[in-house]
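Text of final.cif (mmCIF, C-alpha atoms) as supplied:
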data_input
#
loop_
_atom_site.label_atom_id
_atom_site.label_comp_id
_atom_site.auth_asym_id
_atom_site.auth_seq_id
_atom_site.Cartn_x
_atom_site.Cartn_y
_atom_site.Cartn_z
CA MET A 143 98.94 79.88 73.28
CA ASP A 144 98.79 83.32 71.70
CA SER A 145 100.67 83.93 68.51
CA LEU A 146 103.30 86.66 68.52
CA LYS A 147 101.22 88.45 65.91
CA ASP A 148 98.18 88.56 68.23
CA VAL A 149 100.28 89.85 71.12
CA VAL A 150 101.70 92.64 68.96
CA LEU A 151 98.28 93.49 67.56
CA ARG A 152 96.79 93.67 71.07
CA LYS A 153 99.59 95.98 72.18
CA LEU A 154 98.92 98.21 69.18
CA PHE A 155 95.21 98.37 69.99
CA HIS A 156 95.93 99.03 73.67
CA ALA A 157 98.18 101.94 72.67
CA HIS A 158 95.38 103.14 70.37
CA LEU A 159 92.86 103.03 73.24
CA ILE A 160 95.22 104.92 75.55
CA HIS A 161 95.84 107.50 72.85
CA THR A 162 92.20 108.00 71.85
CA GLU A 163 90.50 107.68 75.24
CA LEU A 164 92.96 108.83 77.87
CA VAL A 165 95.27 111.39 76.23
CA ASP A 166 93.97 114.94 76.10
CA GLY A 167 95.05 117.82 73.94
CA ASP A 168 96.29 118.35 70.43
CA VAL A 169 98.10 115.02 70.12
CA ARG A 170 94.84 113.22 69.40
CA GLY A 171 94.63 112.21 65.78
CA ALA A 172 98.36 112.75 65.25
CA VAL A 173 98.98 109.01 64.98
CA THR A 174 97.14 106.96 62.40
CA PHE A 175 97.45 103.42 61.13
CA PRO A 176 96.03 101.78 58.04
CA PRO A 177 92.42 100.71 58.71
CA TRP A 178 93.14 97.04 57.99
CA ILE A 179 95.83 96.93 60.68
CA MET A 180 93.54 98.62 63.19
CA GLN A 181 90.77 96.15 62.36
CA GLU A 182 93.10 93.20 62.96
CA ALA A 183 94.35 94.80 66.18
CA ARG A 184 90.81 95.45 67.38
CA ASP A 185 89.78 91.87 66.58
CA ALA A 186 92.79 90.44 68.46
CA TRP A 187 92.02 92.69 71.45
CA MET A 188 88.36 91.66 71.52
CA ARG A 189 89.18 87.95 71.19
CA ASN A 190 91.46 88.27 74.19
CA ALA A 191 88.83 90.17 76.23
CA ARG A 192 86.31 87.44 75.45
CA ASP A 193 88.53 84.35 75.76
CA ASP A 194 91.18 85.19 78.37
CA VAL A 195 88.86 84.83 81.36
CA HIS A 196 89.74 83.36 84.73
CA VAL A 197 87.18 83.21 87.51
CA SER A 198 88.96 82.77 90.82
CA ARG A 199 87.62 81.43 94.07
CA ASP A 200 87.46 85.01 95.39
CA HIS A 201 85.43 86.13 92.32
CA LYS A 202 82.96 83.34 92.98
CA GLU A 203 82.77 84.22 96.66
CA VAL A 204 82.15 87.92 95.98
CA ALA A 205 79.46 87.00 93.41
CA SER A 206 77.83 84.69 95.94
CA ILE A 207 77.75 87.47 98.51
CA LEU A 208 76.18 89.82 95.95
CA GLY A 209 73.49 87.17 95.52
CA GLU A 210 72.95 87.09 99.28
CA LEU A 211 72.62 90.88 99.24
CA GLY A 212 69.98 90.59 96.52
CA ALA A 213 72.12 92.46 94.01
CA PRO A 214 71.60 91.27 90.41
CA HIS A 215 74.96 90.68 88.75
CA GLU A 216 76.88 88.83 86.05
CA VAL A 217 80.33 87.28 86.35
CA GLU A 218 82.88 88.18 83.65
CA ARG A 219 80.63 90.39 81.56
CA LEU A 220 82.04 92.15 78.52
CA THR A 221 81.60 95.90 78.27
CA ASP A 222 79.10 97.00 75.63
CA ASP A 223 81.91 97.67 73.15
CA GLY A 224 83.46 94.24 73.86
CA TYR A 225 86.84 95.73 74.77
CA PHE A 226 86.97 94.76 78.46
CA SER A 227 85.55 92.15 80.78
CA ALA A 228 84.48 93.16 84.28
CA ASP A 229 85.00 90.51 86.95
CA VAL A 230 81.48 91.15 88.21
CA TYR A 231 78.99 93.54 86.63
CA MET A 232 75.89 94.93 88.30
CA SER A 233 73.76 96.06 85.37
CA GLY A 234 71.03 97.70 87.45
CA ALA A 235 73.60 99.94 89.12
CA GLY A 236 76.04 100.25 86.22
CA VAL A 237 78.84 99.10 88.52
CA ALA A 238 81.86 97.04 87.54
CA LEU A 239 83.41 95.20 90.46
CA GLU A 240 87.00 94.03 90.14
CA VAL A 241 88.42 91.39 92.49
CA ASP A 242 92.14 92.11 92.26
CA GLY A 243 94.59 89.37 93.15
CA PRO A 244 98.33 89.71 93.81
CA SER A 245 99.20 90.15 90.12
CA HIS A 246 97.45 93.55 90.20
CA PHE A 247 99.90 94.90 92.79
CA ILE A 248 103.60 95.40 93.31
CA LYS A 249 105.32 95.56 96.67
CA VAL A 250 107.03 98.86 97.43
CA SER A 251 109.42 99.44 100.31
CA ILE A 252 109.07 102.81 101.97
CA GLY A 253 112.01 104.15 103.91
CA GLY A 254 115.61 104.43 102.83
CA LYS A 255 118.38 106.91 103.61
CA GLY A 256 117.86 108.65 106.90
CA ALA A 257 115.15 106.27 108.03
CA GLU A 258 115.55 104.52 111.34
CA PRO A 259 116.82 100.94 111.02
CA GLY A 260 113.90 98.59 110.61
CA ALA A 261 111.56 101.51 109.91
CA ALA A 262 111.09 100.63 106.25
CA SER A 263 107.68 99.23 105.54
CA ARG A 264 106.24 97.42 102.58
CA THR A 265 103.05 98.45 100.91
CA SER A 266 101.11 97.19 97.93
CA THR A 267 100.77 99.56 95.00
CA ARG A 268 98.57 98.91 92.00
CA THR A 269 100.34 98.15 88.73
CA VAL A 270 100.15 100.58 85.82
CA ARG A 271 98.27 97.94 83.82
CA THR A 272 95.64 97.73 86.57
CA GLU A 273 95.38 101.53 86.81
CA LEU A 274 94.82 101.70 83.04
CA ARG A 275 92.18 98.96 83.18
CA ASP A 276 90.31 100.91 85.83
CA MET A 277 90.49 104.13 83.82
CA PHE A 278 88.96 102.36 80.83
CA LEU A 279 86.28 100.70 82.97
CA LYS A 280 85.39 104.07 84.56
CA LYS A 281 84.74 105.44 81.08
CA ARG A 282 82.28 102.60 80.47
CA HIS A 283 80.50 102.27 83.83
CA GLU A 284 78.87 104.49 86.44
CA ALA A 285 81.38 103.26 89.03
CA VAL A 286 84.19 100.78 89.50
CA VAL A 287 84.53 99.00 92.84
CA ILE A 288 87.86 97.37 93.69
CA VAL A 289 88.22 94.45 96.10
CA PRO A 290 91.96 93.97 96.78
CA TRP A 291 92.98 90.43 97.70
CA PHE A 292 94.84 91.52 100.85
CA GLU A 293 91.75 93.26 102.25
CA TRP A 294 89.50 90.32 101.29
CA ASN A 295 91.83 87.77 102.89
CA GLU A 296 91.84 89.65 106.20
CA LEU A 297 88.08 89.19 106.57
CA SER A 298 86.93 86.17 108.50
CA GLY A 299 83.51 84.73 108.08
CA ASN A 300 80.68 85.30 105.67
CA GLU A 301 79.09 88.08 107.72
CA ALA A 302 82.28 90.19 107.72
CA LYS A 303 82.63 89.68 103.97
CA LYS A 304 78.99 90.61 103.41
CA GLN A 305 79.45 93.83 105.41
CA TYR A 306 82.64 94.63 103.48
CA VAL A 307 80.96 94.21 100.09
CA ALA A 308 77.90 96.18 101.23
CA GLU A 309 80.11 99.08 102.36
CA LYS A 310 82.09 99.03 99.11
CA LEU A 311 78.83 99.17 97.15
CA ARG A 312 77.41 101.97 99.29
CA GLY A 313 80.62 103.91 98.67
CA ALA A 314 79.90 103.60 94.93
CA GLY A 315 76.37 104.90 95.40
CA VAL A 316 74.59 101.54 95.26
CA ASN A 317 71.53 101.30 97.46
CA VAL A 318 72.18 98.33 99.76
CA PRO A 319 69.69 97.65 102.57
CA ALA A 320 70.97 98.70 106.01
CA SER A 321 70.34 95.18 107.30
CA ALA A 322 73.12 93.95 105.01
#
Go ahead and render the structure in this file as structure tokens.
Amino acid sequence: MDSLKDVVLRKLFHAHLIHTELVDGDVRGAVTFPPWIMQEARDAWMRNARDDVHVSRDHKEVASILGELGAPHEVERLTDDGYFSADVYMSGAGVALEVDGPSHFIKVSIGGKGAEPGAASRTSTRTVRTELRDMFLKKRHEAVVIVPWFEWNELSGNEAKKQYVAEKLRGAGVNVPASA
């Protein structure tokens, strides 16, 4: 179990990454911390990126399909700076592929006042944490491909899943043979 200190240090480093990599304008450099604190925060962040890894059944299945497509890949590969782990990384293409389960989404009801009764629908929206992860991954890779669990679970059979992955990769500019 993580210590409270590690959790706080990781949050500090995450805020630092957001501030230094994603915030534009004059606010950069306005916030500084003692170097020793930032070193501890960075170390806690990197330990978590390295050690807090879970490879789901869907990750394994997507990786297997990449193998069938002849696409070289690694499962749970750290970015070059060690700050993030991509679910699946295709080094030859510079593509990070994320297999996002239910924890990466929230359910949102659309409708409300003035809507016809029963007209409200539910949709899945990505969490802010997931959006941030993808922004950071996009800074480190040529492309980021997302495989949402609800799309993956609708596919039946290996051939449909292979076509789905091939189309996702083509959309990211990866050369996948037409026969796939």
_Distance in Å - atom CA of Arg189 of chain A versus atom CA of Ala205 of chain A_ =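 It comes out at 24.3 Å.
With all atoms listed in the file as the atoms that count, the minimum distance from Arg275 of chain A to the choices A:Leu297, A:Glu218, A:Phe226, A:Val316 is reached by A:Phe226.
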*Using all atoms listed in the file, which of the listed residues (A:Ala186, A:Val204, A:Leu220, A:Ala235) sits closest to Lys153 of chain A?*
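Using all atoms listed in the file, the shortest distance to Lys153 of chain A belongs to A:Ala186.
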*Pick out the residues sitting within 8 Å of Lys303 of chain A, and hand them over as a list of chain:residue names; count only C-alpha atoms, and ignore anything fewer than 4 positions along from it in its own chain.*
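Selected residues are A:Ile207, A:Trp294, A:Leu297, A:Ser298, A:Gly299, A:Val307.
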*Nearest to Gly212 of chain A by atom-to-atom distance, counting all atoms listed in the file, from A:Leu146, A:Val286, A:Ala238, A:Val318*: A:Val318
*If you count only C-alpha atoms, which residues fall within 8 Å of segment 198-202 of chain A, apart from same-chain ones fewer than 2 positions away, as a ChimeraX atom specification?*
/A:196,204-206,217,229-230,241
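Interatomic distance, atom CA of Thr267 of chain A to atom CA of Asp166 of chain A: 25.3 Å.
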*What does the PyMOL selection byres ((chain A and resi 268) around 8) select in this file, as a PyMOL selection string?*
chain A and resi 246-248+266-267+269-270+272-273
_Please determine, counting all atoms listed in the file, which residue among A:Gly224, A:Pro214, A:Arg219, A:Thr174 has the shortest atom-to-atom distance to Trp187 of chain A._
A:Gly224
Ref. answer, residues at most 10 Å from (84.3, 102.6, 82.3) with all atoms listed in the file, as a PDB file with C-alpha atoms, keeping the file's coordinate frame:
ATOM      1  CA  THR A 221      81.600  95.900  78.270  1.00  0.00           C
ATOM      2  CA  PHE A 226      86.970  94.760  78.460  1.00  0.00           C
ATOM      3  CA  ALA A 228      84.480  93.160  84.280  1.00  0.00           C
ATOM      4  CA  GLY A 236      76.040 100.250  86.220  1.00  0.00           C
ATOM      5  CA  VAL A 237      78.840  99.100  88.520  1.00  0.00           C
ATOM      6  CA  ALA A 238      81.860  97.040  87.540  1.00  0.00           C
ATOM      7  CA  ARG A 275      92.180  98.960  83.180  1.00  0.00           C
ATOM      8  CA  ASP A 276      90.310 100.910  85.830  1.00  0.00           C
ATOM      9  CA  MET A 277      90.490 104.130  83.820  1.00  0.00           C
ATOM     10  CA  PHE A 278      88.960 102.360  80.830  1.00  0.00           C
ATOM     11  CA  LEU A 279      86.280 100.700  82.970  1.00  0.00           C
ATOM     12  CA  LYS A 280      85.390 104.070  84.560  1.00  0.00           C
ATOM     13  CA  LYS A 281      84.740 105.440  81.080  1.00  0.00           C
ATOM     14  CA  ARG A 282      82.280 102.600  80.470  1.00  0.00           C
ATOM     15  CA  HIS A 283      80.500 102.270  83.830  1.00  0.00           C
ATOM     16  CA  GLU A 284      78.870 104.490  86.440  1.00  0.00           C
ATOM     17  CA  ALA A 285      81.380 103.260  89.030  1.00  0.00           C
ATOM     18  CA  VAL A 286      84.190 100.780  89.500  1.00  0.00           C
TER      19      VAL A 286
END
Show me, as lines of an AutoDock Vina configuration file, the centre and edge lengths in Å to one decimal of the axis-aligned box that covers every listed atom of segment 210-226 of chain A with 4 Å on each side.
center_x = 78.5
center_y = 92.4
center_z = 86.2
size_x = 25.0
size_y = 18.6
size_z = 34.1
*Kindly give the distance, in Å, that separates atom CA of Glu309 of chain A and atom CA of Ala213 of chain A, rounded to a single decimal.*
13.3 Å
*When distances are computed from only C-alpha atoms, which of A:Ser245, A:Gly209, A:Arg152, A:Ala157 shows the smallest separation from Gln181 of chain A?*
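Between A:Ser245, A:Gly209, A:Arg152, A:Ala157, the residue approaching Gln181 of chain A most closely is A:Arg152.
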